[in-house]
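For reference, the structure discussed in these notes is given below.
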Amino acid sequence: GLRPHCEPCSASNGRAHVDIEHPPGEEVQWDWLELDDTPWGEKAYVLVGALSCSGRFRCWFSDRDDQAHLVVGIDEVLRRLDGTARRWRVDRMATVINPNTGKIQRSFVPVAKHYGVEGVDPCPPRHGNRKGVVEKSIHYLTQGWWRTARVASPAEAQASADRWCVEVADARERGGSTVGALADAEPLLTLPETPYPAEVIEVRTVAANALISLWGNRYSVPPGLVGARVQIRWRLGAETFAISAGGVIVAVHRLAPRGAQ
């Protein structure tokens, strides 16, 4: 049967700790991994979500770590996990937890409600090790996959990480079973059919061929905008996005799968 995973709430640094039991389906832990040195020359933010009981985790490569990109990452990770636990645990990231009050940001409340979670739990101050499951997952992802990954773009990195999580990370042995088998038995909540409609904003410079690059694909704009900075607005779940310059929409495109072109 599925047994709660005990998370040691301290690293091996001599601090006192207590083991926390995580009942099946009770908690997903979230944290960002920042990759400064990437093959494509731009910093990457990787959102990692880990089931605290079984230890199964998935990740999502993102351009930024603001709230909108966080919501995109949460949706992508949860759909890779095929559900959500009843509660989410985060560190004191300002996009989720108000740094002044320690309470959940008002703008994030409808996100949690949309996915049906019962609550969002911040780690207490100076107790970041309360999210030891996701921190261990990030270390494993970094050392076991990223350190030797042969990828040239975020889209390639995402596809490679997705395969590695299923083929390698889920095959780890734990308590006489595999992480994948334990996770398959976790009672997760069903996800809503559509993602939370967060609005993502990106800024790009138009290339000499009147194209902009977005998430591994290229899209056209009027030639008179070569060299200009344009703003991209996309609502999570929408099939199209708009490109504007000076507050005026200059193009609308259907969003292609990441890395399709």
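Each chain in the structure tokens gets a letter, A, B and so on, in the order shown; residues start at 1 in every chain, and ligands are counted from 1 in the order they appear.
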Running DSSP on the backbone, which parts of range 53-245 of chain A land in strand (DSSP E or B), as a PyMOL selection string?
chain A and resi 57-62+84+87-90+97+104+119-122+173-174+177-178+189+199-205+211-214+217-220+229-235+240-245
Set the distance at 12 Å and use only C-alpha atoms: which residues neighbour Glu167 in chain A once local chain neighbours fewer than 2 positions away are removed? I'd like the list as a PyMOL selection string.
chain A and resi 56+145+160-165+169-172+178-180
Selection file, all heavy atoms, as a compact mmCIF listing (two decimals), in the first residue's frame:
```
# COMPACT_ATOMS: atom_id res chain seq x y z
N ARG A 56 7.28 11.96 -6.48
CA ARG A 56 7.24 12.23 -7.93
C ARG A 56 7.28 13.74 -8.15
O ARG A 56 6.63 14.50 -7.44
CB ARG A 56 5.98 11.65 -8.55
CG ARG A 56 5.74 12.09 -10.01
CD ARG A 56 4.49 11.46 -10.60
NE ARG A 56 4.78 10.12 -11.11
CZ ARG A 56 3.83 9.29 -11.54
NH1 ARG A 56 2.56 9.65 -11.49
NH2 ARG A 56 4.18 8.10 -11.99
N TRP A 145 20.24 15.18 -14.24
CA TRP A 145 19.85 15.47 -15.63
C TRP A 145 20.56 16.69 -16.20
O TRP A 145 21.29 16.59 -17.18
CB TRP A 145 18.33 15.66 -15.73
CG TRP A 145 17.92 16.19 -17.07
CD1 TRP A 145 17.94 15.51 -18.26
CD2 TRP A 145 17.50 17.52 -17.38
NE1 TRP A 145 17.55 16.34 -19.29
CE2 TRP A 145 17.26 17.56 -18.78
CE3 TRP A 145 17.30 18.66 -16.60
CZ2 TRP A 145 16.84 18.73 -19.41
CZ3 TRP A 145 16.87 19.82 -17.23
CH2 TRP A 145 16.64 19.85 -18.62
N SER A 160 13.44 17.07 -23.08
CA SER A 160 14.41 16.16 -22.47
C SER A 160 14.10 15.91 -21.00
O SER A 160 14.13 14.77 -20.51
CB SER A 160 15.82 16.72 -22.63
OG SER A 160 16.77 15.92 -21.96
N ALA A 161 13.76 16.99 -20.27
CA ALA A 161 13.43 16.85 -18.85
C ALA A 161 12.17 16.03 -18.65
O ALA A 161 12.09 15.21 -17.72
CB ALA A 161 13.27 18.23 -18.22
N ASP A 162 11.18 16.22 -19.52
CA ASP A 162 9.95 15.44 -19.42
C ASP A 162 10.24 13.95 -19.55
O ASP A 162 9.71 13.12 -18.78
CB ASP A 162 8.95 15.87 -20.50
CG ASP A 162 8.30 17.21 -20.21
OD1 ASP A 162 8.32 17.65 -19.05
OD2 ASP A 162 7.76 17.81 -21.16
N ARG A 163 11.06 13.59 -20.52
CA ARG A 163 11.41 12.17 -20.72
C ARG A 163 12.17 11.64 -19.51
O ARG A 163 11.91 10.53 -19.03
CB ARG A 163 12.24 12.00 -22.00
CG ARG A 163 11.48 12.23 -23.29
CD ARG A 163 12.29 11.76 -24.48
NE ARG A 163 13.56 12.45 -24.59
CZ ARG A 163 13.73 13.57 -25.28
NH1 ARG A 163 12.71 14.14 -25.89
NH2 ARG A 163 14.92 14.14 -25.35
N TRP A 164 13.14 12.41 -19.02
CA TRP A 164 13.98 11.96 -17.91
C TRP A 164 13.16 11.76 -16.64
O TRP A 164 13.37 10.79 -15.90
CB TRP A 164 15.09 12.99 -17.68
CG TRP A 164 16.05 12.61 -16.60
CD1 TRP A 164 17.16 11.83 -16.70
CD2 TRP A 164 15.97 13.01 -15.22
NE1 TRP A 164 17.79 11.72 -15.48
CE2 TRP A 164 17.09 12.43 -14.56
CE3 TRP A 164 15.09 13.81 -14.50
CZ2 TRP A 164 17.31 12.62 -13.20
CZ3 TRP A 164 15.31 14.00 -13.14
CH2 TRP A 164 16.42 13.41 -12.52
N CYS A 165 12.22 12.65 -16.39
CA CYS A 165 11.38 12.50 -15.20
C CYS A 165 10.59 11.19 -15.22
O CYS A 165 10.45 10.52 -14.19
CB CYS A 165 10.42 13.69 -15.08
SG CYS A 165 11.18 15.23 -14.50
N ALA A 169 13.59 9.39 -13.17
CA ALA A 169 13.20 9.80 -11.81
C ALA A 169 12.08 8.94 -11.24
O ALA A 169 12.11 8.58 -10.06
CB ALA A 169 12.79 11.27 -11.82
N ASP A 170 11.10 8.59 -12.07
CA ASP A 170 10.00 7.77 -11.57
C ASP A 170 10.42 6.33 -11.30
O ASP A 170 9.69 5.59 -10.63
CB ASP A 170 8.85 7.77 -12.57
CG ASP A 170 7.99 9.03 -12.47
OD1 ASP A 170 8.36 9.93 -11.69
OD2 ASP A 170 6.96 9.10 -13.17
N ALA A 171 11.56 5.93 -11.84
CA ALA A 171 12.02 4.55 -11.66
C ALA A 171 12.84 4.36 -10.39
O ALA A 171 13.27 3.24 -10.09
CB ALA A 171 12.84 4.12 -12.87
N ARG A 172 13.05 5.43 -9.63
CA ARG A 172 13.79 5.30 -8.37
C ARG A 172 13.07 4.36 -7.41
O ARG A 172 11.85 4.34 -7.35
CB ARG A 172 13.93 6.68 -7.71
CG ARG A 172 14.84 7.66 -8.41
CD ARG A 172 14.70 9.04 -7.77
NE ARG A 172 13.38 9.61 -8.03
CZ ARG A 172 12.84 10.61 -7.34
NH1 ARG A 172 13.49 11.13 -6.31
NH2 ARG A 172 11.64 11.08 -7.65
N THR A 178 8.62 1.57 -6.66
CA THR A 178 9.21 2.69 -7.38
C THR A 178 8.42 3.96 -7.09
O THR A 178 7.25 3.90 -6.70
CB THR A 178 9.20 2.45 -8.91
OG1 THR A 178 7.83 2.40 -9.37
CG2 THR A 178 9.92 1.16 -9.26
N VAL A 179 9.07 5.08 -7.27
CA VAL A 179 8.39 6.37 -7.08
C VAL A 179 7.16 6.45 -7.99
O VAL A 179 6.10 6.92 -7.58
CB VAL A 179 9.36 7.52 -7.36
CG1 VAL A 179 8.60 8.84 -7.51
CG2 VAL A 179 10.40 7.63 -6.26
N GLY A 180 7.31 5.96 -9.22
CA GLY A 180 6.19 6.01 -10.15
C GLY A 180 4.99 5.21 -9.67
O GLY A 180 3.84 5.67 -9.76
```
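Atom pair CA of Gln158 in chain A / CA of Ser52 in chain A has a distance of 22.4 Å (rounded to one decimal).
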Which residues are near range 228-238 of chain A? Cut-off 6 Å, only C-alpha atoms, ignore same chain within fewer than 5 positions. Put them as a ChimeraX atom specification.
/A:195,197-206,243-245
Write to file, as an mmCIF file, in the first residue's frame, the residues of the selection just made, with N, CA and C atoms.
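So result.cif came out as:
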```
data_model
loop_
_atom_site.group_PDB
_atom_site.id
_atom_site.type_symbol
_atom_site.label_atom_id
_atom_site.label_comp_id
_atom_site.auth_asym_id
_atom_site.auth_seq_id
_atom_site.Cartn_x
_atom_site.Cartn_y
_atom_site.Cartn_z
ATOM 1 N N PRO A 195 -7.115 25.804 -17.957
ATOM 2 C CA PRO A 195 -6.211 26.405 -16.968
ATOM 3 C C PRO A 195 -6.735 27.737 -16.462
ATOM 4 N N PRO A 197 -6.910 31.499 -16.282
ATOM 5 C CA PRO A 197 -6.589 32.404 -17.402
ATOM 6 C C PRO A 197 -5.641 33.539 -17.035
ATOM 7 N N ALA A 198 -4.455 33.218 -16.580
ATOM 8 C CA ALA A 198 -3.462 34.249 -16.277
ATOM 9 C C ALA A 198 -2.998 34.914 -17.577
ATOM 10 N N GLU A 199 -2.749 36.219 -17.519
ATOM 11 C CA GLU A 199 -2.269 36.939 -18.693
ATOM 12 C C GLU A 199 -0.756 37.079 -18.638
ATOM 13 N N VAL A 200 -0.101 36.498 -19.616
ATOM 14 C CA VAL A 200 1.360 36.535 -19.704
ATOM 15 C C VAL A 200 1.774 37.656 -20.642
ATOM 16 N N ILE A 201 2.747 38.456 -20.202
ATOM 17 C CA ILE A 201 3.256 39.557 -21.022
ATOM 18 C C ILE A 201 4.739 39.325 -21.282
ATOM 19 N N GLU A 202 5.116 39.387 -22.547
ATOM 20 C CA GLU A 202 6.509 39.265 -22.948
ATOM 21 C C GLU A 202 6.888 40.477 -23.796
ATOM 22 N N VAL A 203 8.159 40.826 -23.805
ATOM 23 C CA VAL A 203 8.664 41.919 -24.644
ATOM 24 C C VAL A 203 9.768 41.356 -25.534
ATOM 25 N N ARG A 204 9.708 41.694 -26.818
ATOM 26 C CA ARG A 204 10.690 41.208 -27.772
ATOM 27 C C ARG A 204 11.141 42.338 -28.696
ATOM 28 N N THR A 205 12.344 42.188 -29.255
ATOM 29 C CA THR A 205 12.849 43.112 -30.275
ATOM 30 C C THR A 205 12.658 42.468 -31.637
ATOM 31 N N VAL A 206 12.091 43.229 -32.568
ATOM 32 C CA VAL A 206 11.828 42.703 -33.908
ATOM 33 C C VAL A 206 13.147 42.560 -34.672
ATOM 34 N N ILE A 243 0.294 40.949 -30.637
ATOM 35 C CA ILE A 243 1.542 41.712 -30.598
ATOM 36 C C ILE A 243 1.185 43.175 -30.786
ATOM 37 N N SER A 244 1.678 44.027 -29.891
ATOM 38 C CA SER A 244 1.372 45.455 -29.993
ATOM 39 C C SER A 244 2.642 46.285 -29.961
ATOM 40 N N ALA A 245 2.562 47.454 -30.567
ATOM 41 C CA ALA A 245 3.655 48.424 -30.570
ATOM 42 C C ALA A 245 3.057 49.788 -30.287
#
```
Nearest candidate to Ala44 in chain A (options A:Asp121, A:Glu193, A:Glu21, A:Asp65; using only C-alpha atoms):
A:Asp65
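Across A:Asp82, A:Trp88, A:Glu34, A:Val166, the tightest approach to Lys113 in chain A is made by A:Trp88 when counting only C-alpha atoms.
Using only C-alpha atoms, the contacts of Thr240 in chain A at a cut-off of 9 Å, with sequence neighbours closer than 5 positions omitted, comprise Trp234, Arg235, Val252, His253, Arg254, Leu255 and Ala256 of chain A.
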Keeping only N, CA and C atoms, take the residues you just selected and write them out as a short mmCIF file (atom, residue, chain, number, x, y, z; two decimals), in the first residue's frame.
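Okay, result_16.cif is ready:
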```
data_model
loop_
_atom_site.label_atom_id
_atom_site.label_comp_id
_atom_site.auth_asym_id
_atom_site.auth_seq_id
_atom_site.Cartn_x
_atom_site.Cartn_y
_atom_site.Cartn_z
N TRP A 234 -0.59 37.20 -24.00
CA TRP A 234 -1.24 35.90 -24.21
C TRP A 234 -1.92 35.47 -22.92
N ARG A 235 -3.15 35.02 -23.05
CA ARG A 235 -3.88 34.52 -21.89
C ARG A 235 -3.77 32.99 -21.87
N VAL A 252 -1.88 39.51 -34.84
CA VAL A 252 -2.46 38.47 -33.99
C VAL A 252 -2.11 37.13 -34.63
N HIS A 253 -1.55 36.21 -33.83
CA HIS A 253 -1.11 34.93 -34.37
C HIS A 253 -1.70 33.78 -33.54
N ARG A 254 -1.85 32.65 -34.22
CA ARG A 254 -2.20 31.42 -33.51
C ARG A 254 -0.93 30.88 -32.86
N LEU A 255 -1.03 30.52 -31.61
CA LEU A 255 0.14 30.04 -30.86
C LEU A 255 0.48 28.62 -31.28
N ALA A 256 1.70 28.45 -31.76
CA ALA A 256 2.17 27.11 -32.15
C ALA A 256 2.71 26.38 -30.93
#
```
Could you pull the residues within 10 Å of Ala260 in chain A, counting only C-alpha atoms, minus those fewer than 4 positions along the same chain, as an NGL selection string?
:A and (155 or 215-218 or 256)
Selection above as a file: C-alpha atoms, as a PDB file, in the first residue's frame:
```pdb
ATOM      1  CA  ALA A 155      12.006  23.646 -25.930  1.00  0.00           C
ATOM      2  CA  TRP A 215       8.928  30.085 -27.013  1.00  0.00           C
ATOM      3  CA  GLY A 216      10.914  28.381 -29.742  1.00  0.00           C
ATOM      4  CA  ASN A 217       8.910  29.689 -32.695  1.00  0.00           C
ATOM      5  CA  ARG A 218       9.050  32.766 -34.940  1.00  0.00           C
ATOM      6  CA  ALA A 256       2.174  27.114 -32.149  1.00  0.00           C
TER       7      ALA A 256
END
```
Å distance separating CA of Leu51 in chain A from CA of Asp36 in chain A, one decimal place:
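These two atoms are separated by 26.1 Å.
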Please determine, counting only C-alpha atoms, which residue among A:Val90, A:Ala210, A:Leu47, A:Ala85 has the shortest atom-to-atom distance to Val72 in chain A.
A:Leu47
